[in-house]
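Asks: I am sharing query.cif, which consists of mmCIF, N, CA and C atoms:
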data_start
loop_
_atom_site.label_atom_id
_atom_site.label_comp_id
_atom_site.auth_asym_id
_atom_site.auth_seq_id
_atom_site.Cartn_x
_atom_site.Cartn_y
_atom_site.Cartn_z
N ALA A 1 0.82 -1.19 0.00
CA ALA A 1 0.00 0.00 0.00
C ALA A 1 0.86 1.26 0.00
N GLU A 2 2.00 1.20 0.68
CA GLU A 2 2.88 2.37 0.75
C GLU A 2 3.41 2.72 -0.64
N ALA A 3 3.76 1.71 -1.42
CA ALA A 3 4.28 1.95 -2.78
C ALA A 3 3.20 2.56 -3.66
N LEU A 4 1.98 2.10 -3.49
CA LEU A 4 0.85 2.64 -4.25
C LEU A 4 0.65 4.12 -3.95
N LEU A 5 0.70 4.47 -2.68
CA LEU A 5 0.50 5.87 -2.29
C LEU A 5 1.66 6.76 -2.73
N ALA A 6 2.84 6.18 -2.85
CA ALA A 6 4.01 6.95 -3.27
C ALA A 6 4.09 7.11 -4.79
N ASP A 7 3.35 6.32 -5.53
CA ASP A 7 3.40 6.35 -6.99
C ASP A 7 2.72 7.61 -7.53
N PRO A 8 3.45 8.47 -8.24
CA PRO A 8 2.84 9.71 -8.76
C PRO A 8 1.84 9.46 -9.89
N GLU A 9 1.86 8.29 -10.49
CA GLU A 9 0.91 7.96 -11.56
C GLU A 9 -0.48 7.65 -11.00
N VAL A 10 -0.56 7.28 -9.73
CA VAL A 10 -1.84 6.94 -9.10
C VAL A 10 -2.48 8.23 -8.60
N GLU A 11 -3.66 8.54 -9.12
CA GLU A 11 -4.34 9.77 -8.75
C GLU A 11 -5.40 9.57 -7.67
N ALA A 12 -5.93 8.36 -7.57
CA ALA A 12 -7.03 8.11 -6.63
C ALA A 12 -6.91 6.72 -6.03
N VAL A 13 -7.51 6.56 -4.84
CA VAL A 13 -7.58 5.24 -4.21
C VAL A 13 -9.02 4.92 -3.89
N TYR A 14 -9.35 3.65 -3.94
CA TYR A 14 -10.68 3.16 -3.59
C TYR A 14 -10.52 2.30 -2.35
N ILE A 15 -11.12 2.71 -1.27
CA ILE A 15 -10.97 2.01 0.01
C ILE A 15 -12.21 1.16 0.23
N ALA A 16 -12.00 -0.16 0.24
CA ALA A 16 -13.11 -1.11 0.42
C ALA A 16 -12.79 -2.08 1.56
N SER A 17 -12.12 -1.58 2.57
CA SER A 17 -11.71 -2.40 3.70
C SER A 17 -12.77 -2.34 4.80
N PRO A 18 -12.60 -3.12 5.87
CA PRO A 18 -13.53 -3.00 7.00
C PRO A 18 -13.54 -1.57 7.55
N VAL A 19 -14.68 -1.15 8.06
CA VAL A 19 -14.88 0.24 8.48
C VAL A 19 -13.84 0.69 9.51
N HIS A 20 -13.45 -0.19 10.42
CA HIS A 20 -12.49 0.22 11.46
C HIS A 20 -11.11 0.54 10.89
N CYS A 21 -10.85 0.20 9.64
CA CYS A 21 -9.56 0.51 8.99
C CYS A 21 -9.60 1.82 8.22
N HIS A 22 -10.77 2.36 7.95
CA HIS A 22 -10.91 3.53 7.08
C HIS A 22 -10.11 4.74 7.56
N GLY A 23 -10.15 5.04 8.84
CA GLY A 23 -9.50 6.25 9.35
C GLY A 23 -8.03 6.33 9.00
N ASP A 24 -7.29 5.28 9.30
CA ASP A 24 -5.85 5.26 9.03
C ASP A 24 -5.58 5.31 7.53
N GLN A 25 -6.35 4.55 6.75
CA GLN A 25 -6.14 4.51 5.31
C GLN A 25 -6.48 5.84 4.65
N ILE A 26 -7.54 6.49 5.11
CA ILE A 26 -7.90 7.80 4.56
C ILE A 26 -6.84 8.83 4.90
N ALA A 27 -6.35 8.80 6.13
CA ALA A 27 -5.31 9.75 6.54
C ALA A 27 -4.05 9.59 5.69
N LYS A 28 -3.64 8.36 5.46
CA LYS A 28 -2.44 8.11 4.65
C LYS A 28 -2.65 8.52 3.19
N ALA A 29 -3.82 8.20 2.64
CA ALA A 29 -4.10 8.57 1.25
C ALA A 29 -4.19 10.09 1.10
N ALA A 30 -4.80 10.75 2.08
CA ALA A 30 -4.91 12.21 2.03
C ALA A 30 -3.54 12.85 2.13
N GLN A 31 -2.70 12.32 3.01
CA GLN A 31 -1.35 12.85 3.17
C GLN A 31 -0.55 12.69 1.87
N ALA A 32 -0.84 11.63 1.12
CA ALA A 32 -0.17 11.40 -0.16
C ALA A 32 -0.79 12.23 -1.29
N GLY A 33 -1.89 12.94 -0.99
CA GLY A 33 -2.52 13.81 -1.99
C GLY A 33 -3.39 13.10 -3.00
N LYS A 34 -3.88 11.93 -2.66
CA LYS A 34 -4.72 11.15 -3.58
C LYS A 34 -6.19 11.52 -3.40
N HIS A 35 -6.97 11.43 -4.48
CA HIS A 35 -8.42 11.51 -4.36
C HIS A 35 -8.84 10.23 -3.66
N ILE A 36 -9.87 10.31 -2.83
CA ILE A 36 -10.26 9.16 -2.01
C ILE A 36 -11.71 8.80 -2.26
N TYR A 37 -11.94 7.56 -2.62
CA TYR A 37 -13.28 7.00 -2.74
C TYR A 37 -13.36 5.89 -1.71
N VAL A 38 -14.31 5.96 -0.81
CA VAL A 38 -14.41 4.99 0.28
C VAL A 38 -15.82 4.45 0.35
N GLU A 39 -15.94 3.13 0.57
CA GLU A 39 -17.26 2.53 0.69
C GLU A 39 -17.94 2.98 1.97
N LYS A 40 -19.24 3.19 1.91
CA LYS A 40 -20.01 3.55 3.10
C LYS A 40 -20.18 2.33 3.97
N PRO A 41 -20.27 2.50 5.26
CA PRO A 41 -20.22 3.75 5.99
C PRO A 41 -18.79 4.27 6.08
N LEU A 42 -18.66 5.57 6.10
CA LEU A 42 -17.35 6.20 6.19
C LEU A 42 -16.67 5.84 7.49
N SER A 43 -17.43 5.86 8.60
CA SER A 43 -16.86 5.59 9.92
C SER A 43 -17.95 5.05 10.84
N HIS A 44 -17.54 4.66 12.03
CA HIS A 44 -18.50 4.18 13.02
C HIS A 44 -19.20 5.32 13.75
N THR A 45 -18.51 6.46 13.88
CA THR A 45 -19.09 7.59 14.60
C THR A 45 -18.94 8.87 13.79
N VAL A 46 -19.73 9.86 14.14
CA VAL A 46 -19.65 11.16 13.48
C VAL A 46 -18.27 11.79 13.74
N ALA A 47 -17.76 11.65 14.95
CA ALA A 47 -16.44 12.22 15.28
C ALA A 47 -15.34 11.62 14.42
N GLU A 48 -15.37 10.31 14.21
CA GLU A 48 -14.38 9.67 13.35
C GLU A 48 -14.50 10.20 11.92
N GLY A 49 -15.73 10.32 11.45
CA GLY A 49 -15.96 10.82 10.09
C GLY A 49 -15.45 12.24 9.92
N ARG A 50 -15.69 13.09 10.91
CA ARG A 50 -15.20 14.47 10.83
C ARG A 50 -13.68 14.50 10.84
N ALA A 51 -13.06 13.62 11.63
CA ALA A 51 -11.59 13.57 11.66
C ALA A 51 -11.04 13.17 10.30
N MET A 52 -11.72 12.26 9.62
CA MET A 52 -11.27 11.82 8.29
C MET A 52 -11.39 12.95 7.28
N VAL A 53 -12.51 13.64 7.31
CA VAL A 53 -12.71 14.77 6.39
C VAL A 53 -11.71 15.88 6.70
N ASP A 54 -11.45 16.16 7.96
CA ASP A 54 -10.46 17.17 8.34
C ASP A 54 -9.07 16.80 7.83
N ALA A 55 -8.72 15.51 7.90
CA ALA A 55 -7.42 15.05 7.38
C ALA A 55 -7.32 15.33 5.89
N ALA A 56 -8.41 15.11 5.17
CA ALA A 56 -8.40 15.37 3.73
C ALA A 56 -8.30 16.87 3.45
N LYS A 57 -8.98 17.68 4.26
CA LYS A 57 -8.93 19.14 4.06
C LYS A 57 -7.54 19.69 4.33
N ARG A 58 -6.82 19.12 5.28
CA ARG A 58 -5.47 19.60 5.62
C ARG A 58 -4.43 19.19 4.58
N SER A 59 -4.79 18.27 3.72
CA SER A 59 -3.82 17.75 2.75
C SER A 59 -4.09 18.37 1.38
N SER A 60 -3.35 17.87 0.41
CA SER A 60 -3.55 18.34 -0.96
C SER A 60 -4.60 17.51 -1.68
N ALA A 61 -5.24 16.57 -0.99
CA ALA A 61 -6.30 15.78 -1.61
C ALA A 61 -7.49 16.71 -1.87
N SER A 62 -8.01 16.66 -3.06
CA SER A 62 -9.10 17.57 -3.37
C SER A 62 -10.47 16.91 -3.31
N ARG A 63 -10.51 15.61 -3.04
CA ARG A 63 -11.81 14.96 -3.04
C ARG A 63 -11.80 13.76 -2.10
N ILE A 64 -12.84 13.66 -1.31
CA ILE A 64 -13.13 12.44 -0.55
C ILE A 64 -14.59 12.14 -0.78
N THR A 65 -14.88 10.97 -1.30
CA THR A 65 -16.23 10.60 -1.67
C THR A 65 -16.58 9.26 -1.04
N ALA A 66 -17.70 9.19 -0.36
CA ALA A 66 -18.19 7.93 0.18
C ALA A 66 -19.19 7.36 -0.81
N VAL A 67 -19.02 6.11 -1.16
CA VAL A 67 -19.88 5.48 -2.15
C VAL A 67 -20.55 4.25 -1.57
N ILE A 68 -21.70 3.94 -2.09
CA ILE A 68 -22.42 2.73 -1.69
C ILE A 68 -22.10 1.66 -2.72
N PRO A 69 -21.52 0.53 -2.28
CA PRO A 69 -21.26 -0.53 -3.26
C PRO A 69 -22.58 -1.09 -3.77
N TYR A 70 -22.66 -1.29 -5.05
CA TYR A 70 -23.89 -1.80 -5.65
C TYR A 70 -23.57 -3.04 -6.45
N TYR A 71 -24.17 -4.14 -6.05
CA TYR A 71 -23.91 -5.40 -6.72
C TYR A 71 -25.12 -5.88 -7.51
N GLY A 72 -26.01 -4.97 -7.85
CA GLY A 72 -27.23 -5.31 -8.56
C GLY A 72 -26.98 -5.89 -9.94
N PHE A 73 -25.90 -5.49 -10.59
CA PHE A 73 -25.63 -5.99 -11.92
C PHE A 73 -25.40 -7.50 -11.88
N ALA A 74 -24.67 -8.00 -10.89
CA ALA A 74 -24.42 -9.43 -10.78
C ALA A 74 -25.71 -10.18 -10.52
N ARG A 75 -26.54 -9.65 -9.63
CA ARG A 75 -27.81 -10.31 -9.33
C ARG A 75 -28.73 -10.27 -10.54
N GLN A 76 -28.74 -9.15 -11.24
CA GLN A 76 -29.65 -9.01 -12.36
C GLN A 76 -29.26 -9.97 -13.48
N ASP A 77 -27.98 -10.23 -13.67
CA ASP A 77 -27.55 -11.10 -14.75
C ASP A 77 -27.97 -12.55 -14.54
N ARG A 78 -28.38 -12.92 -13.33
CA ARG A 78 -28.81 -14.29 -13.08
C ARG A 78 -30.24 -14.53 -13.56
N ARG A 79 -30.98 -13.46 -13.80
CA ARG A 79 -32.36 -13.60 -14.26
C ARG A 79 -32.35 -13.94 -15.76
N PRO A 80 -33.42 -14.57 -16.21
CA PRO A 80 -33.54 -14.78 -17.66
C PRO A 80 -33.57 -13.43 -18.36
N ARG A 81 -32.99 -13.36 -19.54
CA ARG A 81 -32.85 -12.09 -20.26
C ARG A 81 -34.20 -11.36 -20.41
N ALA A 82 -35.28 -12.08 -20.64
CA ALA A 82 -36.58 -11.44 -20.85
C ALA A 82 -37.08 -10.71 -19.59
N SER A 83 -36.65 -11.13 -18.41
CA SER A 83 -37.16 -10.52 -17.19
C SER A 83 -36.21 -9.44 -16.61
N ARG A 84 -35.12 -9.15 -17.31
CA ARG A 84 -34.19 -8.15 -16.82
C ARG A 84 -34.77 -6.75 -16.95
N VAL A 85 -34.51 -5.92 -15.97
CA VAL A 85 -35.00 -4.55 -15.97
C VAL A 85 -33.89 -3.66 -16.52
N PRO A 86 -34.18 -2.82 -17.53
CA PRO A 86 -33.14 -1.94 -18.03
C PRO A 86 -32.70 -0.95 -16.95
N MET A 87 -31.41 -0.71 -16.86
CA MET A 87 -30.88 0.20 -15.85
C MET A 87 -30.33 1.44 -16.54
N THR A 88 -30.72 2.59 -16.05
CA THR A 88 -30.22 3.84 -16.60
C THR A 88 -29.65 4.70 -15.49
N VAL A 89 -28.69 5.52 -15.84
CA VAL A 89 -28.08 6.45 -14.89
C VAL A 89 -28.45 7.84 -15.31
N ARG A 90 -28.94 8.62 -14.36
CA ARG A 90 -29.31 10.01 -14.69
C ARG A 90 -28.34 10.96 -14.07
#
Kindly present the structure from the file in structure tokens form.

Replies:
Amino acid sequence: AEALLADPEVEAVYIASPVHCHGDQIAKAAQAGKHIYVEKPLSHTVAEGRAMVDAAKRSSASRITAVIPYYGFARQDRRPRASRVPMTVR
């Protein structure tokens, strides 16, 4: 992970680890100046979440985004083609 954060070619990291690991990983990624995408929940408490956002604000990282993992595509592909629901993004 240290080599990844030190690599200037890497612009962003996606954090999909257990929630109790997010704080340390976000702090390190922010210190390295990477954009951060992290799976929700961001933290266990509001205070932890604010500390993570503050770490990003103090660094050169310009973005921290919490995302909800969506595995609907895998589930949808198990249905017969005729019963699949078209998915659109707006």

Asks: Quote the spacing between atom CA of A:Ser59 and atom CA of A:Ala30 in Å to one decimal place.

Replies: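 Pair atom CA of A:Ser59 / atom CA of A:Ala30 returns 5.7 Å.
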
Asks: Evaluate the PyMOL selection byres ((chain A and resi 67) around 6) against this structure - the residues, as a list in words, please.

Replies: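 That expression, the PyMOL selection byres ((chain A and resi 67) around 6), corresponds here to Tyr37, Val38, Glu39, Lys40, Thr65, Ala66, Ile68 and Pro69 of chain A.
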
Asks: Which of these residues is nearest to A:Glu9, using only C-alpha atoms: A:His44, A:Lys34, A:Arg50, A:Arg63?

Replies: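 That would be A:Lys34, the residue with the smallest distance to A:Glu9.
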
Asks: Counting all atoms listed in the file, which of A:Ala55, A:Ala32, A:Leu4, A:Leu42 gets nearest to A:Val19?

Replies: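 Nearest to A:Val19: A:Leu42.
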
Asks: Quick check, in Å to one decimal: how far apart do atom CA of A:Ala51 and atom CA of A:Ile15 lie?

Replies: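 If I compute the distance from atom CA of A:Ala51 to atom CA of A:Ile15, I get 16.4 Å.
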
Asks: When you draw a straight line from atom CA of A:Ala3 to atom CA of A:Ala47, how long is it in Å?

Replies: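 Computing the Euclidean distance for atom CA of A:Ala3 and atom CA of A:Ala47 yields 29.3 Å.
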
Asks: I'd like to see the residues matched by the PyMOL selection byres ((chain A and resi 23) around 8) on this file, and ideally I'd get them as an mmCIF file with N, CA and C atoms, keeping the file's coordinate frame.

Replies:
data_model
loop_
_atom_site.group_PDB
_atom_site.id
_atom_site.type_symbol
_atom_site.label_atom_id
_atom_site.label_comp_id
_atom_site.auth_asym_id
_atom_site.auth_seq_id
_atom_site.Cartn_x
_atom_site.Cartn_y
_atom_site.Cartn_z
ATOM 1 N N PRO A 18 -12.600 -3.120 5.870
ATOM 2 C CA PRO A 18 -13.530 -3.000 7.000
ATOM 3 C C PRO A 18 -13.540 -1.570 7.550
ATOM 4 N N VAL A 19 -14.680 -1.150 8.060
ATOM 5 C CA VAL A 19 -14.880 0.240 8.480
ATOM 6 C C VAL A 19 -13.840 0.690 9.510
ATOM 7 N N HIS A 20 -13.450 -0.190 10.420
ATOM 8 C CA HIS A 20 -12.490 0.220 11.460
ATOM 9 C C HIS A 20 -11.110 0.540 10.890
ATOM 10 N N CYS A 21 -10.850 0.200 9.640
ATOM 11 C CA CYS A 21 -9.560 0.510 8.990
ATOM 12 C C CYS A 21 -9.600 1.820 8.220
ATOM 13 N N HIS A 22 -10.770 2.360 7.950
ATOM 14 C CA HIS A 22 -10.910 3.530 7.080
ATOM 15 C C HIS A 22 -10.110 4.740 7.560
ATOM 16 N N ASP A 24 -7.290 5.280 9.300
ATOM 17 C CA ASP A 24 -5.850 5.260 9.030
ATOM 18 C C ASP A 24 -5.580 5.310 7.530
ATOM 19 N N GLN A 25 -6.350 4.550 6.750
ATOM 20 C CA GLN A 25 -6.140 4.510 5.310
ATOM 21 C C GLN A 25 -6.480 5.840 4.650
ATOM 22 N N ILE A 26 -7.540 6.490 5.110
ATOM 23 C CA ILE A 26 -7.900 7.800 4.560
ATOM 24 C C ILE A 26 -6.840 8.830 4.900
ATOM 25 N N ALA A 27 -6.350 8.800 6.130
ATOM 26 C CA ALA A 27 -5.310 9.750 6.540
ATOM 27 C C ALA A 27 -4.050 9.590 5.690
ATOM 28 N N LYS A 28 -3.640 8.360 5.460
ATOM 29 C CA LYS A 28 -2.440 8.110 4.650
ATOM 30 C C LYS A 28 -2.650 8.520 3.190
ATOM 31 N N ALA A 29 -3.820 8.200 2.640
ATOM 32 C CA ALA A 29 -4.100 8.570 1.250
ATOM 33 C C ALA A 29 -4.190 10.090 1.100
ATOM 34 N N LEU A 42 -18.660 5.570 6.100
ATOM 35 C CA LEU A 42 -17.350 6.200 6.190
ATOM 36 C C LEU A 42 -16.670 5.840 7.490
ATOM 37 N N SER A 43 -17.430 5.860 8.600
ATOM 38 C CA SER A 43 -16.860 5.590 9.920
ATOM 39 C C SER A 43 -17.950 5.050 10.840
ATOM 40 N N GLU A 48 -15.370 10.310 14.210
ATOM 41 C CA GLU A 48 -14.380 9.670 13.350
ATOM 42 C C GLU A 48 -14.500 10.200 11.920
ATOM 43 N N GLY A 49 -15.730 10.320 11.450
ATOM 44 C CA GLY A 49 -15.960 10.820 10.090
ATOM 45 C C GLY A 49 -15.450 12.240 9.920
ATOM 46 N N ALA A 51 -13.060 13.620 11.630
ATOM 47 C CA ALA A 51 -11.590 13.570 11.660
ATOM 48 C C ALA A 51 -11.040 13.170 10.300
ATOM 49 N N MET A 52 -11.720 12.260 9.620
ATOM 50 C CA MET A 52 -11.270 11.820 8.290
ATOM 51 C C MET A 52 -11.390 12.950 7.280
#

Asks: Can you rebuild stretch 9-27 of chain A with N, CA, C and O atoms and give it as a JSON list (two decimals), keeping the file's coordinate frame?

Replies:
[["chain", "number", "residue", "atom", "x", "y", "z"],
["A", 9, "GLU", "N", 1.86, 8.29, -10.49],
["A", 9, "GLU", "CA", 0.91, 7.96, -11.56],
["A", 9, "GLU", "C", -0.48, 7.65, -11.00],
["A", 9, "GLU", "O", -1.47, 7.75, -11.71],
["A", 10, "VAL", "N", -0.56, 7.28, -9.73],
["A", 10, "VAL", "CA", -1.84, 6.94, -9.10],
["A", 10, "VAL", "C", -2.48, 8.23, -8.60],
["A", 10, "VAL", "O", -1.92, 8.93, -7.77],
["A", 11, "GLU", "N", -3.66, 8.54, -9.12],
["A", 11, "GLU", "CA", -4.34, 9.77, -8.75],
["A", 11, "GLU", "C", -5.40, 9.57, -7.67],
["A", 11, "GLU", "O", -5.74, 10.52, -6.97],
["A", 12, "ALA", "N", -5.93, 8.36, -7.57],
["A", 12, "ALA", "CA", -7.03, 8.11, -6.63],
["A", 12, "ALA", "C", -6.91, 6.72, -6.03],
["A", 12, "ALA", "O", -6.31, 5.83, -6.63],
["A", 13, "VAL", "N", -7.51, 6.56, -4.84],
["A", 13, "VAL", "CA", -7.58, 5.24, -4.21],
["A", 13, "VAL", "C", -9.02, 4.92, -3.89],
["A", 13, "VAL", "O", -9.83, 5.82, -3.63],
["A", 14, "TYR", "N", -9.35, 3.65, -3.94],
["A", 14, "TYR", "CA", -10.68, 3.16, -3.59],
["A", 14, "TYR", "C", -10.52, 2.30, -2.35],
["A", 14, "TYR", "O", -9.82, 1.29, -2.40],
["A", 15, "ILE", "N", -11.12, 2.71, -1.27],
["A", 15, "ILE", "CA", -10.97, 2.01, 0.01],
["A", 15, "ILE", "C", -12.21, 1.16, 0.23],
["A", 15, "ILE", "O", -13.31, 1.68, 0.39],
["A", 16, "ALA", "N", -12.00, -0.16, 0.24],
["A", 16, "ALA", "CA", -13.11, -1.11, 0.42],
["A", 16, "ALA", "C", -12.79, -2.08, 1.56],
["A", 16, "ALA", "O", -13.13, -3.24, 1.51],
["A", 17, "SER", "N", -12.12, -1.58, 2.57],
["A", 17, "SER", "CA", -11.71, -2.40, 3.70],
["A", 17, "SER", "C", -12.77, -2.34, 4.80],
["A", 17, "SER", "O", -13.73, -1.57, 4.70],
["A", 18, "PRO", "N", -12.60, -3.12, 5.87],
["A", 18, "PRO", "CA", -13.53, -3.00, 7.00],
["A", 18, "PRO", "C", -13.54, -1.57, 7.55],
["A", 18, "PRO", "O", -12.53, -0.86, 7.50],
["A", 19, "VAL", "N", -14.68, -1.15, 8.06],
["A", 19, "VAL", "CA", -14.88, 0.24, 8.48],
["A", 19, "VAL", "C", -13.84, 0.69, 9.51],
["A", 19, "VAL", "O", -13.37, 1.82, 9.46],
["A", 20, "HIS", "N", -13.45, -0.19, 10.42],
["A", 20, "HIS", "CA", -12.49, 0.22, 11.46],
["A", 20, "HIS", "C", -11.11, 0.54, 10.89],
["A", 20, "HIS", "O", -10.30, 1.15, 11.57],
["A", 21, "CYS", "N", -10.85, 0.20, 9.64],
["A", 21, "CYS", "CA", -9.56, 0.51, 8.99],
["A", 21, "CYS", "C", -9.60, 1.82, 8.22],
["A", 21, "CYS", "O", -8.55, 2.34, 7.83],
["A", 22, "HIS", "N", -10.77, 2.36, 7.95],
["A", 22, "HIS", "CA", -10.91, 3.53, 7.08],
["A", 22, "HIS", "C", -10.11, 4.74, 7.56],
["A", 22, "HIS", "O", -9.49, 5.42, 6.75],
["A", 23, "GLY", "N", -10.15, 5.04, 8.84],
["A", 23, "GLY", "CA", -9.50, 6.25, 9.35],
["A", 23, "GLY", "C", -8.03, 6.33, 9.00],
["A", 23, "GLY", "O", -7.55, 7.32, 8.45],
["A", 24, "ASP", "N", -7.29, 5.28, 9.30],
["A", 24, "ASP", "CA", -5.85, 5.26, 9.03],
["A", 24, "ASP", "C", -5.58, 5.31, 7.53],
["A", 24, "ASP", "O", -4.70, 6.04, 7.07],
["A", 25, "GLN", "N", -6.35, 4.55, 6.75],
["A", 25, "GLN", "CA", -6.14, 4.51, 5.31],
["A", 25, "GLN", "C", -6.48, 5.84, 4.65],
["A", 25, "GLN", "O", -5.77, 6.30, 3.76],
["A", 26, "ILE", "N", -7.54, 6.49, 5.11],
["A", 26, "ILE", "CA", -7.90, 7.80, 4.56],
["A", 26, "ILE", "C", -6.84, 8.83, 4.90],
["A", 26, "ILE", "O", -6.44, 9.64, 4.06],
["A", 27, "ALA", "N", -6.35, 8.80, 6.13],
["A", 27, "ALA", "CA", -5.31, 9.75, 6.54],
["A", 27, "ALA", "C", -4.05, 9.59, 5.69],
["A", 27, "ALA", "O", -3.47, 10.59, 5.23]]
